[in-house]
$ cat protein.cif   # mmCIF, C-alpha atoms and all ligand atoms
data_model
#
loop_
_atom_site.label_atom_id
_atom_site.label_comp_id
_atom_site.auth_asym_id
_atom_site.auth_seq_id
_atom_site.Cartn_x
_atom_site.Cartn_y
_atom_site.Cartn_z
CA MET A 1 0.00 0.00 0.00
CA GLU A 2 1.22 3.46 -0.88
CA ASP A 3 2.03 5.64 2.10
CA ILE A 4 -1.36 7.27 2.52
CA LYS A 5 0.10 9.84 4.90
CA LYS A 6 2.31 11.17 2.10
CA VAL A 7 -0.73 11.37 -0.14
CA ILE A 8 -2.66 13.33 2.47
CA ASP A 9 0.11 15.95 2.65
CA ASN A 10 -0.95 17.01 -0.82
CA PHE A 11 -4.36 18.27 0.30
CA LYS A 12 -5.27 21.46 2.13
CA PHE A 13 -6.48 20.11 5.47
CA LYS A 14 -6.49 22.22 8.63
CA GLY A 15 -4.70 21.05 11.80
CA ASN A 16 -2.82 17.90 12.77
CA MET A 17 -3.83 14.42 11.69
CA THR A 18 -4.97 12.24 14.59
CA ASP A 19 -6.32 9.19 12.78
CA CYS A 20 -6.46 7.54 9.36
CA LYS A 21 -8.26 4.32 8.47
CA ILE A 22 -9.88 2.42 5.63
CA PHE A 23 -13.59 3.12 5.49
CA GLY A 24 -16.89 2.18 3.80
CA SER A 25 -18.09 -0.81 1.83
CA GLY A 26 -18.02 0.31 -1.82
CA HIS A 27 -16.98 -2.24 -4.46
CA ILE A 28 -14.91 0.10 -6.60
CA ASN A 29 -12.72 2.76 -4.97
CA THR A 30 -10.53 2.52 -1.87
CA THR A 31 -11.87 4.89 0.76
CA TYR A 32 -10.08 6.28 3.84
CA ILE A 33 -11.36 8.47 6.63
CA VAL A 34 -8.86 10.90 8.17
CA SER A 35 -9.35 12.93 11.34
CA TYR A 36 -7.72 16.29 12.09
CA ASN A 37 -7.40 18.34 15.21
CA ASP A 38 -7.33 22.05 14.44
CA ASN A 39 -6.68 23.82 17.77
CA GLY A 40 -9.17 21.60 19.53
CA LYS A 41 -11.67 21.62 16.67
CA MET A 42 -12.10 18.22 14.99
CA HIS A 43 -12.45 17.87 11.21
CA ARG A 44 -12.85 14.68 9.24
CA TYR A 45 -12.17 14.09 5.57
CA ILE A 46 -12.64 11.28 3.09
CA ILE A 47 -9.73 10.38 0.82
CA GLN A 48 -10.37 8.08 -2.08
CA LYS A 49 -8.00 6.23 -4.33
CA VAL A 50 -9.85 6.20 -7.63
CA ASN A 51 -10.07 2.80 -9.27
CA THR A 52 -8.38 3.57 -12.58
CA ASN A 53 -9.09 0.09 -13.91
CA VAL A 54 -12.77 1.13 -13.84
CA PHE A 55 -12.41 4.87 -14.51
CA LYS A 56 -9.91 5.22 -17.33
CA ASN A 57 -9.88 9.02 -17.56
CA VAL A 58 -9.61 10.63 -14.14
CA ASP A 59 -9.39 14.20 -15.53
CA GLU A 60 -12.76 13.79 -17.19
CA LEU A 61 -14.19 12.02 -14.16
CA MET A 62 -13.17 14.83 -11.81
CA ASP A 63 -14.39 17.53 -14.22
CA ASN A 64 -17.79 15.82 -14.11
CA VAL A 65 -17.99 15.63 -10.34
CA PHE A 66 -16.83 19.20 -9.82
CA ALA A 67 -19.35 20.48 -12.38
CA VAL A 68 -22.20 18.41 -10.93
CA THR A 69 -21.50 19.36 -7.32
CA SER A 70 -21.20 23.09 -8.14
CA PHE A 71 -24.50 22.93 -10.01
CA LEU A 72 -26.17 21.05 -7.16
CA ARG A 73 -24.94 23.56 -4.57
CA GLU A 74 -26.77 26.36 -6.37
CA LYS A 75 -29.95 24.29 -6.69
CA ILE A 76 -29.87 23.33 -3.02
CA LYS A 77 -29.35 26.97 -2.00
CA ALA A 78 -32.20 28.10 -4.26
CA ASN A 79 -34.47 25.54 -2.60
CA GLY A 80 -33.59 26.67 0.91
CA GLY A 81 -31.31 23.71 1.71
CA ASN A 82 -27.82 23.58 3.20
CA PRO A 83 -25.35 22.86 0.36
CA ASP A 84 -22.50 22.08 2.78
CA ARG A 85 -24.44 19.14 4.10
CA GLU A 86 -26.55 18.13 1.13
CA THR A 87 -23.92 17.73 -1.53
CA LEU A 88 -20.35 16.47 -1.62
CA HIS A 89 -17.70 19.10 -1.05
CA TYR A 90 -14.46 18.29 -2.86
CA ILE A 91 -11.15 19.66 -1.65
CA ARG A 92 -8.44 20.64 -4.09
CA THR A 93 -4.79 19.70 -3.69
CA ILE A 94 -2.21 22.20 -2.47
CA ASN A 95 -1.40 22.84 -6.15
CA GLY A 96 -5.04 23.67 -6.86
CA ASP A 97 -5.71 20.46 -8.80
CA LYS A 98 -8.90 18.43 -8.60
CA TYR A 99 -7.02 15.29 -7.62
CA TYR A 100 -3.51 14.18 -6.71
CA LYS A 101 -1.53 11.82 -8.88
CA SER A 102 1.25 10.00 -7.03
CA LYS A 103 4.60 9.08 -8.54
CA ASN A 104 3.40 5.56 -9.31
CA GLY A 105 0.34 6.93 -11.13
CA SER A 106 -2.33 6.33 -8.46
CA CYS A 107 -5.03 9.01 -8.31
CA TYR A 108 -6.48 10.35 -5.05
CA ARG A 109 -9.21 12.87 -4.30
CA ALA A 110 -10.53 14.29 -1.07
CA TYR A 111 -13.81 15.56 0.24
CA ARG A 112 -15.30 16.71 3.48
CA PHE A 113 -16.82 13.99 5.62
CA VAL A 114 -20.54 14.61 5.94
CA GLU A 115 -20.69 14.95 9.74
CA ASN A 116 -23.41 13.42 11.90
CA SER A 117 -24.37 11.11 9.06
CA LYS A 118 -24.28 7.41 8.32
CA SER A 119 -24.59 5.17 5.30
CA CYS A 120 -26.64 1.98 5.44
CA ASP A 121 -25.85 -1.36 3.84
CA SER A 122 -29.37 -2.65 4.37
CA VAL A 123 -32.85 -1.27 4.83
CA ASP A 124 -34.31 -1.35 8.37
CA SER A 125 -37.76 0.02 7.63
CA PRO A 126 -39.90 1.11 4.69
CA GLU A 127 -39.61 4.71 5.94
CA ILE A 128 -35.81 4.73 5.57
CA PHE A 129 -36.05 3.33 2.07
CA GLU A 130 -38.75 5.84 1.11
CA LYS A 131 -36.40 8.59 2.30
CA SER A 132 -33.63 7.34 0.03
CA GLY A 133 -36.17 7.36 -2.82
CA ILE A 134 -36.88 11.00 -2.04
CA ALA A 135 -33.14 11.80 -2.10
CA PHE A 136 -32.48 10.09 -5.44
CA GLY A 137 -35.71 11.48 -6.94
CA ARG A 138 -34.73 14.98 -5.85
CA PHE A 139 -31.19 14.48 -7.14
CA GLN A 140 -32.62 13.71 -10.56
CA LYS A 141 -35.06 16.62 -10.38
CA TYR A 142 -32.29 19.07 -9.48
CA LEU A 143 -30.14 17.88 -12.38
CA SER A 144 -33.01 18.02 -14.90
CA ASP A 145 -31.64 21.25 -16.42
CA PHE A 146 -27.95 20.39 -16.09
CA PRO A 147 -26.35 20.71 -19.57
CA ALA A 148 -26.03 17.00 -20.29
CA THR A 149 -23.78 17.44 -23.33
CA THR A 150 -21.03 18.89 -21.10
CA LEU A 151 -20.74 15.61 -19.17
CA TYR A 152 -18.19 12.99 -20.12
CA GLU A 153 -19.31 9.39 -20.30
CA THR A 154 -17.09 8.08 -17.49
CA ILE A 155 -17.94 4.43 -18.27
CA PRO A 156 -19.25 4.03 -21.81
CA ASN A 157 -22.31 1.77 -22.19
CA PHE A 158 -22.64 1.56 -18.41
CA HIS A 159 -26.32 0.53 -18.47
CA ASN A 160 -26.49 -0.55 -22.09
CA THR A 161 -27.55 -4.02 -21.02
CA ILE A 162 -27.57 -5.62 -24.45
CA TRP A 163 -24.11 -4.19 -25.14
CA ARG A 164 -22.90 -5.74 -21.90
CA PHE A 165 -24.58 -9.03 -22.87
CA GLU A 166 -22.95 -9.18 -26.29
CA ASN A 167 -19.60 -7.55 -25.64
CA GLU A 168 -18.79 -8.61 -22.11
CA PHE A 169 -20.92 -11.57 -20.99
CA LEU A 170 -20.81 -13.76 -24.13
CA PRO A 171 -17.04 -13.26 -24.68
CA ALA A 172 -16.39 -14.07 -21.00
CA VAL A 173 -18.32 -17.35 -21.40
CA LYS A 174 -16.56 -18.16 -24.66
CA ASN A 175 -13.05 -17.36 -23.44
CA ASP A 176 -13.60 -18.98 -20.05
CA MET A 177 -10.18 -17.70 -18.98
CA LYS A 178 -10.23 -19.29 -15.54
CA ASN A 179 -12.03 -22.52 -16.48
CA ARG A 180 -14.96 -21.55 -14.31
CA ALA A 181 -17.80 -21.81 -16.84
CA ASP A 182 -18.51 -25.46 -15.98
CA LYS A 183 -19.22 -24.40 -12.41
CA CYS A 184 -21.99 -22.07 -13.50
CA ARG A 185 -23.68 -23.49 -16.59
CA GLU A 186 -27.16 -23.02 -15.14
CA ASP A 187 -26.46 -19.40 -14.27
CA ILE A 188 -25.08 -18.74 -17.75
CA GLU A 189 -28.17 -20.35 -19.24
CA PHE A 190 -30.45 -18.28 -17.01
CA VAL A 191 -28.91 -15.04 -18.31
CA ALA A 192 -28.81 -16.22 -21.93
CA GLU A 193 -32.54 -17.03 -21.84
CA ARG A 194 -33.22 -13.39 -20.99
CA LYS A 195 -31.37 -11.80 -23.89
CA ASN A 196 -34.55 -10.10 -25.10
CA ASP A 197 -35.00 -8.32 -21.78
CA CYS A 198 -31.50 -6.86 -22.20
CA SER A 199 -32.42 -4.85 -25.30
CA TYR A 200 -35.85 -3.72 -24.17
CA LEU A 201 -35.04 -0.29 -22.71
CA VAL A 202 -32.33 0.62 -25.23
CA ASP A 203 -34.83 -0.10 -28.01
CA LEU A 204 -37.31 2.25 -26.35
CA ILE A 205 -34.61 4.96 -26.31
CA GLU A 206 -33.96 4.41 -30.00
CA ASN A 207 -37.67 4.65 -30.72
CA GLU A 208 -37.76 7.93 -28.78
CA LYS A 209 -40.19 6.60 -26.20
CA LEU A 210 -37.76 7.04 -23.31
CA PRO A 211 -35.92 10.36 -22.77
CA VAL A 212 -32.24 10.39 -21.85
CA ARG A 213 -31.69 12.48 -18.70
CA VAL A 214 -28.79 13.24 -16.38
CA THR A 215 -28.93 10.40 -13.88
CA HIS A 216 -26.84 8.97 -11.06
CA ASN A 217 -26.65 5.42 -12.42
CA ASP A 218 -25.46 3.79 -9.18
CA THR A 219 -28.30 4.35 -6.74
CA LYS A 220 -27.49 1.72 -4.21
CA LEU A 221 -28.55 2.44 -0.67
CA ASN A 222 -25.01 3.03 0.61
CA ASN A 223 -24.58 5.83 -1.93
CA VAL A 224 -26.75 8.14 0.12
CA MET A 225 -25.90 9.53 3.56
CA PHE A 226 -28.61 9.61 6.26
CA ASP A 227 -28.79 12.08 9.13
CA GLU A 228 -27.82 10.29 12.39
CA ASP A 229 -30.63 11.97 14.35
CA THR A 230 -33.58 12.29 11.97
CA ASN A 231 -32.74 9.41 9.57
CA ASP A 232 -33.50 11.76 6.69
CA ALA A 233 -31.53 10.98 3.53
CA ILE A 234 -29.47 14.13 3.21
CA CYS A 235 -26.69 13.73 0.67
CA VAL A 236 -26.31 11.65 -2.47
CA ILE A 237 -22.69 10.51 -2.86
CA ASP A 238 -20.57 8.39 -5.24
CA LEU A 239 -21.04 10.72 -8.20
CA ASP A 240 -18.57 8.97 -10.52
CA THR A 241 -21.27 7.55 -12.73
CA VAL A 242 -23.40 10.70 -13.08
CA MET A 243 -23.94 10.68 -16.83
CA PRO A 244 -26.72 10.77 -19.37
CA GLY A 245 -28.98 7.80 -18.60
CA LEU A 246 -32.55 6.79 -17.86
CA ALA A 247 -34.69 7.62 -14.83
CA LEU A 248 -35.48 3.90 -14.95
CA TYR A 249 -31.85 2.95 -14.33
CA ASP A 250 -31.85 4.95 -11.11
CA PHE A 251 -35.16 3.56 -9.97
CA GLY A 252 -34.38 -0.05 -10.87
CA ASP A 253 -30.91 -0.15 -9.37
CA ALA A 254 -32.12 1.22 -6.04
CA ILE A 255 -34.78 -1.51 -5.86
CA ARG A 256 -32.28 -4.20 -6.81
CA PHE A 257 -30.19 -3.44 -3.74
CA GLY A 258 -32.60 -2.07 -1.16
CA ALA A 259 -35.72 -4.18 -1.70
CA ASN A 260 -33.85 -7.49 -1.62
CA THR A 261 -34.87 -9.32 1.57
CA CYS A 262 -31.19 -10.02 2.18
CA ALA A 263 -27.74 -8.71 1.36
CA GLU A 264 -26.55 -8.64 -2.23
CA ASP A 265 -24.04 -11.36 -1.37
CA GLU A 266 -26.17 -13.66 0.80
CA ALA A 267 -25.13 -17.16 -0.29
CA ASP A 268 -28.37 -18.88 0.71
CA THR A 269 -30.51 -17.98 -2.28
CA SER A 270 -33.63 -19.40 -0.61
CA LYS A 271 -33.55 -16.21 1.48
CA VAL A 272 -33.55 -13.94 -1.57
CA ALA A 273 -36.85 -12.25 -2.46
CA ILE A 274 -38.25 -8.89 -3.41
CA ASN A 275 -39.83 -7.15 -0.45
CA LEU A 276 -42.96 -5.63 -1.98
CA GLU A 277 -43.54 -3.29 0.93
CA TYR A 278 -40.06 -1.81 0.41
CA PHE A 279 -40.62 -1.70 -3.33
CA GLY A 280 -43.76 0.40 -2.80
CA ALA A 281 -42.09 2.63 -0.23
CA TYR A 282 -39.17 3.49 -2.52
CA ALA A 283 -41.50 4.09 -5.46
CA ARG A 284 -43.55 6.52 -3.35
CA GLY A 285 -40.47 8.50 -2.32
CA PHE A 286 -38.91 8.56 -5.77
CA LEU A 287 -42.14 9.51 -7.54
CA LYS A 288 -42.95 12.21 -4.98
CA GLU A 289 -39.88 14.10 -6.20
CA ALA A 290 -39.29 12.96 -9.78
CA GLY A 291 -42.74 11.68 -10.72
CA ASN A 292 -44.12 14.83 -12.34
CA SER A 293 -41.39 14.90 -14.93
CA LEU A 294 -41.70 11.24 -15.97
CA ASN A 295 -43.57 10.29 -19.13
CA GLN A 296 -46.06 7.42 -19.38
CA CYS A 297 -43.51 5.03 -20.87
CA GLU A 298 -41.20 5.63 -17.92
CA ILE A 299 -44.00 5.04 -15.42
CA ASP A 300 -45.11 1.90 -17.26
CA ASN A 301 -41.61 0.42 -17.08
CA LEU A 302 -40.69 1.13 -13.46
CA ALA A 303 -41.41 -2.42 -12.30
CA PHE A 304 -39.61 -3.92 -15.30
CA SER A 305 -36.58 -1.69 -14.72
CA ALA A 306 -36.12 -3.23 -11.26
CA LYS A 307 -35.91 -6.65 -12.83
CA LEU A 308 -33.64 -5.47 -15.65
CA MET A 309 -31.16 -3.71 -13.37
CA THR A 310 -31.01 -6.84 -11.22
CA LEU A 311 -30.43 -9.03 -14.26
CA GLU A 312 -27.75 -6.65 -15.51
CA CYS A 313 -25.96 -6.65 -12.17
CA GLY A 314 -26.19 -10.45 -11.90
CA MET A 315 -24.75 -10.71 -15.40
CA ARG A 316 -21.92 -8.30 -14.49
CA PHE A 317 -21.00 -10.30 -11.37
CA LEU A 318 -21.08 -13.52 -13.38
CA THR A 319 -18.96 -11.97 -16.14
CA ASP A 320 -16.42 -10.81 -13.56
CA TYR A 321 -16.35 -14.27 -11.99
CA LEU A 322 -15.65 -15.83 -15.39
CA ASN A 323 -12.94 -13.25 -16.10
CA GLY A 324 -11.16 -13.97 -12.80
CA ASP A 325 -12.49 -11.12 -10.60
CA THR A 326 -10.82 -8.14 -12.19
CA TYR A 327 -13.56 -5.50 -11.76
CA PHE A 328 -15.41 -5.73 -8.43
CA LYS A 329 -13.56 -5.97 -5.13
CA THR A 330 -14.06 -9.43 -3.67
CA ASP A 331 -13.55 -10.83 -0.16
CA TYR A 332 -13.17 -14.51 -1.11
CA PRO A 333 -12.66 -16.54 -4.32
CA GLU A 334 -16.31 -17.34 -5.10
CA HIS A 335 -17.65 -13.96 -4.00
CA ASN A 336 -18.71 -12.81 -7.46
CA LEU A 337 -20.44 -16.13 -8.17
CA VAL A 338 -22.35 -15.87 -4.89
CA ARG A 339 -23.37 -12.31 -5.76
CA ALA A 340 -24.42 -13.36 -9.27
CA ARG A 341 -26.58 -16.23 -8.00
CA ASN A 342 -28.15 -13.95 -5.45
CA GLN A 343 -29.07 -11.39 -8.12
CA LEU A 344 -30.41 -14.04 -10.50
CA ALA A 345 -32.57 -15.49 -7.71
CA LEU A 346 -33.94 -12.00 -7.17
CA VAL A 347 -34.73 -11.73 -10.90
CA LYS A 348 -36.67 -15.01 -10.65
CA ASP A 349 -38.66 -13.78 -7.66
CA MET A 350 -39.43 -10.49 -9.40
CA GLU A 351 -40.67 -12.39 -12.45
CA ASN A 352 -43.05 -14.32 -10.20
CA LYS A 353 -44.26 -11.11 -8.57
CA MET A 354 -44.21 -8.81 -11.59
CA ASP A 355 -48.01 -8.42 -11.69
CA LYS A 356 -48.01 -7.32 -8.07
CA MET A 357 -45.14 -4.87 -8.68
CA VAL A 358 -47.01 -3.36 -11.63
CA ASP A 359 -50.16 -3.01 -9.49
CA ILE A 360 -48.24 -1.29 -6.71
CA ILE A 361 -46.98 1.36 -9.16
CA LYS A 362 -50.48 1.82 -10.60
CA ASN A 363 -51.87 2.44 -7.13
CA ILE A 364 -49.38 5.18 -6.25
P1 LIG B 1 -17.36 3.36 -4.02
O1 LIG B 1 -17.35 3.90 -5.42
O2 LIG B 1 -16.23 2.47 -3.74
O3 LIG B 1 -18.69 2.76 -3.70
P2 LIG B 1 -18.18 5.66 -2.38
O4 LIG B 1 -17.92 7.02 -2.92
O5 LIG B 1 -19.56 5.16 -2.45
O6 LIG B 1 -17.15 4.64 -3.07
O7 LIG B 1 -17.68 5.65 -0.86
C1 LIG B 1 -17.66 4.46 -0.09
C2 LIG B 1 -18.32 4.70 1.25
O8 LIG B 1 -17.60 5.74 1.97
C3 LIG B 1 -19.76 5.20 1.20
O9 LIG B 1 -20.69 4.15 1.08
C4 LIG B 1 -19.89 5.96 2.52
O10 LIG B 1 -20.16 5.07 3.58
C5 LIG B 1 -18.50 6.53 2.75
N1 LIG B 1 -18.40 7.95 2.28
C6 LIG B 1 -18.03 8.36 1.06
N2 LIG B 1 -18.04 9.69 0.99
C7 LIG B 1 -18.42 10.17 2.20
C8 LIG B 1 -18.57 11.47 2.76
N3 LIG B 1 -18.33 12.59 2.06
N4 LIG B 1 -18.96 11.58 4.06
C9 LIG B 1 -19.17 10.46 4.79
N5 LIG B 1 -19.02 9.20 4.32
C10 LIG B 1 -18.65 9.04 3.04
C1 LIG B 2 -20.62 -0.89 -7.70
O1 LIG B 2 -19.30 1.62 -6.31
P1 LIG B 2 -20.44 0.90 -5.71
O2 LIG B 2 -20.05 -0.15 -4.74
O3 LIG B 2 -21.43 1.92 -5.17
C2 LIG B 2 -20.86 -0.64 -9.19
C3 LIG B 2 -22.35 -0.63 -9.47
C4 LIG B 2 -22.96 -1.96 -9.07
C5 LIG B 2 -22.66 -2.21 -7.59
C6 LIG B 2 -23.13 -3.56 -7.15
C7 LIG B 2 -18.92 2.06 -10.95
O4 LIG B 2 -21.19 0.17 -6.96
O5 LIG B 2 -22.59 -0.42 -10.85
O6 LIG B 2 -24.35 -1.96 -9.27
O7 LIG B 2 -21.23 -2.11 -7.34
N1 LIG B 2 -20.26 0.63 -9.56
C8 LIG B 2 -19.52 0.73 -10.69
O8 LIG B 2 -23.14 -3.61 -5.77
O9 LIG B 2 -19.36 -0.21 -11.46
MG MG B 3 -20.52 3.59 -3.47
#

$ encode --input "protein.cif" --output "structure tokens"
Amino acid sequence: MEDIKKVIDNFKFKGNMTDCKIFGSGHINTTYIVSYNDNGKMHRYIIQKVNTNVFKNVDELMDNVFAVTSFLREKIKANGGNPDRETLHYIRTINGDKYYKSKNGSCYRAYRFVENSKSCDSVDSPEIFEKSGIAFGRFQKYLSDFPATTLYETIPNFHNTIWRFENEFLPAVKNDMKNRADKCREDIEFVAERKNDCSYLVDLIENEKLPVRVTHNDTKLNNVMFDEDTNDAICVIDLDTVMPGLALYDFGDAIRFGANTCAEDEADTSKVAINLEYFGAYARGFLKEAGNSLNQCEIDNLAFSAKLMTLECGMRFLTDYLNGDTYFKTDYPEHNLVRARNQLALVKDMENKMDKMVDIIKNI
């Protein structure tokens, strides 16, 4: 590990460092929390080593996040909110750059820790999940007039599910680099049988039925910070994938993670199911904020998008397993396979309950 203390010296933090540790449970970047004592006043900061295997162009990535956060600050102010608490605040390096590049080419960025807040890896109540729906719905509403053409596509084809199917999943099965395909023939078959689902939303974009908007694209529950006292969802984080996308991607991905009756990597797939109460709660929160701007085709596909985003994520985990775990961080050798099976079991349960999911949306 690079000497993180040397990295930290390149940022403008006030006071003396008292603590530094690895933090959070994201699958992509490496996150540290650092504490400072400034004449008795405590400050905390987040330092992140950007995963440059995933984000190939860090200049473009950081231009996006600075532009999006500046825009959001103005929106939050105009709506009577507190921009210091409700959006990420990035800190430049001592040279005034948006990130620090170390001698060995690693890229680090820093932002203020959102104080008196917590992130959640699972949903405790429908109310909490509804609040995260409000936060992501509002995030999308605030960015509705952000000039989308000025954003770089940080990960091309991120939610182009059929592109992922054809250009990532099928080649991974064919190449079978780690000789793992025999261990997961049924899972491969399960995904392959759903090829038509993969093209459904992109076809609707091409037919101009679904509008492309500025979206978050990674709306998992632990990408929003909750107030420790009120449990309100206050700040949407992890802005690396803010790009042109579909409202449906943001809705579906949040359901995939938060309305699963168990963790994304629960190995006992008999425990995996869609919690319909949570599904309804999130939909209520999201639609309260973003609903007025959605067209009928978007509304009609909300339930389907939950299934599609789950299928896409299951396919991505399976692809990464076949490729030898090069994309997502893993804690043990079969971790990606366990995650994939979990997601595919959730797809199955959503298929069985699709009529109910559609009815829930109709009744909101
Ligand atoms: P990844 O891309 O790896 O998911 P995130 O940006 O989501 O990285 O950060 C990982 C975790 O770090 C988050 O889930 C959250 O718990 C914590 N975190 C990130 N930024 C902040 C912040 N500004 N204030 C408090 N906690 C944060
Ligand atoms: C990753 O970065 P994190 O942990 O919030 C991934 C998402 C997946 C998710 C699955 C940039 O999200 O797309 O849905 O893992 N982010 C990226 O848990 O690939
Ligand atoms: Mg994250």

$ closest_atom_pairs --input "protein.cif" --of "chain A" --to "ligand MG 3 (chain B)" --cutoff "6 Å" --atoms "all atoms listed in the file" --output "tab-separated table"
residue	atom	partner	partner_atom	distance
A:Gly26	CA	B:MG3	MG	4.4
A:Asn223	CA	B:MG3	MG	4.9
A:Asp238	CA	B:MG3	MG	5.1

$ closest_atom_pairs --input "protein.cif" --of "chain A" --to "ligand LIG 1 (chain B)" --cutoff "9 Å" --atoms "all atoms listed in the file" --output "Markdown table"
| residue | atom | partner | partner_atom | distance |
| --- | --- | --- | --- | --- |
| A:Phe23 | CA | B:LIG1 | O8 | 5.9 |
| A:Gly24 | CA | B:LIG1 | C2 | 3.9 |
| A:Ser25 | CA | B:LIG1 | C2 | 5.5 |
| A:Gly26 | CA | B:LIG1 | O3 | 3.2 |
| A:His27 | CA | B:LIG1 | O2 | 4.8 |
| A:Ile28 | CA | B:LIG1 | O2 | 3.9 |
| A:Asn29 | CA | B:LIG1 | O2 | 3.7 |
| A:Thr30 | CA | B:LIG1 | O2 | 6.0 |
| A:Thr31 | CA | B:LIG1 | C1 | 5.9 |
| A:Tyr32 | CA | B:LIG1 | O8 | 7.8 |
| A:Ile33 | CA | B:LIG1 | N5 | 8.0 |
| A:Arg44 | CA | B:LIG1 | N4 | 8.6 |
| A:Tyr45 | CA | B:LIG1 | N3 | 7.2 |
| A:Ile46 | CA | B:LIG1 | N3 | 5.9 |
| A:Ile47 | CA | B:LIG1 | N2 | 8.3 |
| A:Gln48 | CA | B:LIG1 | O6 | 7.7 |
| A:Val50 | CA | B:LIG1 | O1 | 8.2 |
| A:Asn51 | CA | B:LIG1 | O2 | 8.3 |
| A:Thr87 | CA | B:LIG1 | N3 | 8.4 |
| A:Leu88 | CA | B:LIG1 | N3 | 5.7 |
| A:His89 | CA | B:LIG1 | N3 | 7.2 |
| A:Tyr90 | CA | B:LIG1 | N3 | 8.5 |
| A:Ala110 | CA | B:LIG1 | N3 | 8.6 |
| A:Tyr111 | CA | B:LIG1 | N3 | 5.7 |
| A:Arg112 | CA | B:LIG1 | N3 | 5.3 |
| A:Phe113 | CA | B:LIG1 | N4 | 3.6 |
| A:Val114 | CA | B:LIG1 | N4 | 3.9 |
| A:Glu115 | CA | B:LIG1 | N4 | 6.8 |
| A:Asn116 | CA | B:LIG1 | C9 | 8.8 |
| A:Ser117 | CA | B:LIG1 | C9 | 6.8 |
| A:Lys118 | CA | B:LIG1 | O10 | 6.7 |
| A:Ser119 | CA | B:LIG1 | O10 | 4.8 |
| A:Cys120 | CA | B:LIG1 | O10 | 7.4 |
| A:Asp121 | CA | B:LIG1 | O9 | 8.0 |
| A:Asp218 | CA | B:LIG1 | O3 | 8.8 |
| A:Lys220 | CA | B:LIG1 | O5 | 8.8 |
| A:Leu221 | CA | B:LIG1 | O9 | 8.2 |
| A:Asn222 | CA | B:LIG1 | O9 | 4.5 |
| A:Asn223 | CA | B:LIG1 | O5 | 5.1 |
| A:Val224 | CA | B:LIG1 | O9 | 7.3 |
| A:Met225 | CA | B:LIG1 | C9 | 6.9 |
| A:Cys235 | CA | B:LIG1 | N3 | 8.6 |
| A:Ile237 | CA | B:LIG1 | O4 | 5.9 |
| A:Asp238 | CA | B:LIG1 | O4 | 3.8 |
| A:Leu239 | CA | B:LIG1 | O4 | 7.2 |
| A:Asp240 | CA | B:LIG1 | O1 | 7.3 |
| A:Lys329 | CA | B:LIG1 | O2 | 9.0 |

$ axis_aligned_box --input "protein.cif" --around "segment 183-194 of chain A" --padding-each-side "8 Å" --output "AutoDock Vina command-line options"
--center_x -26.2 --center_y -18.9 --center_z -17.2 --size_x 30.0 --size_y 27.0 --size_z 25.5

$ residues_around --input "protein.cif" --residues "segment 144-160 of chain A" --least-positions-apart "5" --cutoff "9 Å" --atoms "only C-alpha atoms" --output "number ranges by chain"
A: 54-58, 60-61, 63-64, 67-68, 71, 139, 165, 198-199, 201-202, 213-215, 217, 240-246, 249, 293, 309, 312

$ closest_residue --input "protein.cif" --among "A:Met62, A:Met315, A:Leu276, A:Val191" --to "ligand LIG 2 (chain B)" --atoms "only C-alpha atoms and all ligand atoms"
A:Met315

$ closest_residue --input "protein.cif" --among "A:Gly258, A:Gly285, A:Gly280, A:Gly324" --to "ligand LIG 2 (chain B)" --atoms "all atoms listed in the file"
A:Gly258

$ closest_residue --input "protein.cif" --among "A:Ile4, A:Cys184, A:Leu143, A:Leu322" --to "Ala247 of chain A" --atoms "all atoms listed in the file"
A:Leu143

$ atom_distance --input "protein.cif" --atom1 "atom CA of Arg316 of chain A" --atom2 "atom CA of Asn104 of chain A"
29.3 Å

$ closest_residue --input "protein.cif" --among "A:Thr69, A:Glu189, A:Ile8, A:Glu74" --to "Leu170 of chain A" --atoms "all atoms listed in the file"
A:Glu189

$ residues_around --input "protein.cif" --residues "Ile364 of chain A" --least-positions-apart "2" --cutoff "9 Å" --atoms "only C-alpha atoms" --output "number ranges by chain"
A: 280, 283-284, 287, 359-362

$ closest_residue --input "protein.cif" --among "A:Glu334, A:Cys297, A:Gly137, A:Asn342" --to "Asp250 of chain A" --atoms "only C-alpha atoms"
A:Gly137

$ atom_distance --input "protein.cif" --atom1 "atom CA of Ser35 of chain A" --atom2 "atom CA of Thr18 of chain A"
5.5 Å

$ closest_residue --input "protein.cif" --among "A:Leu337, A:Ile128, A:Ala281, A:Leu248" --to "Arg185 of chain A" --atoms "only C-alpha atoms"
A:Leu337
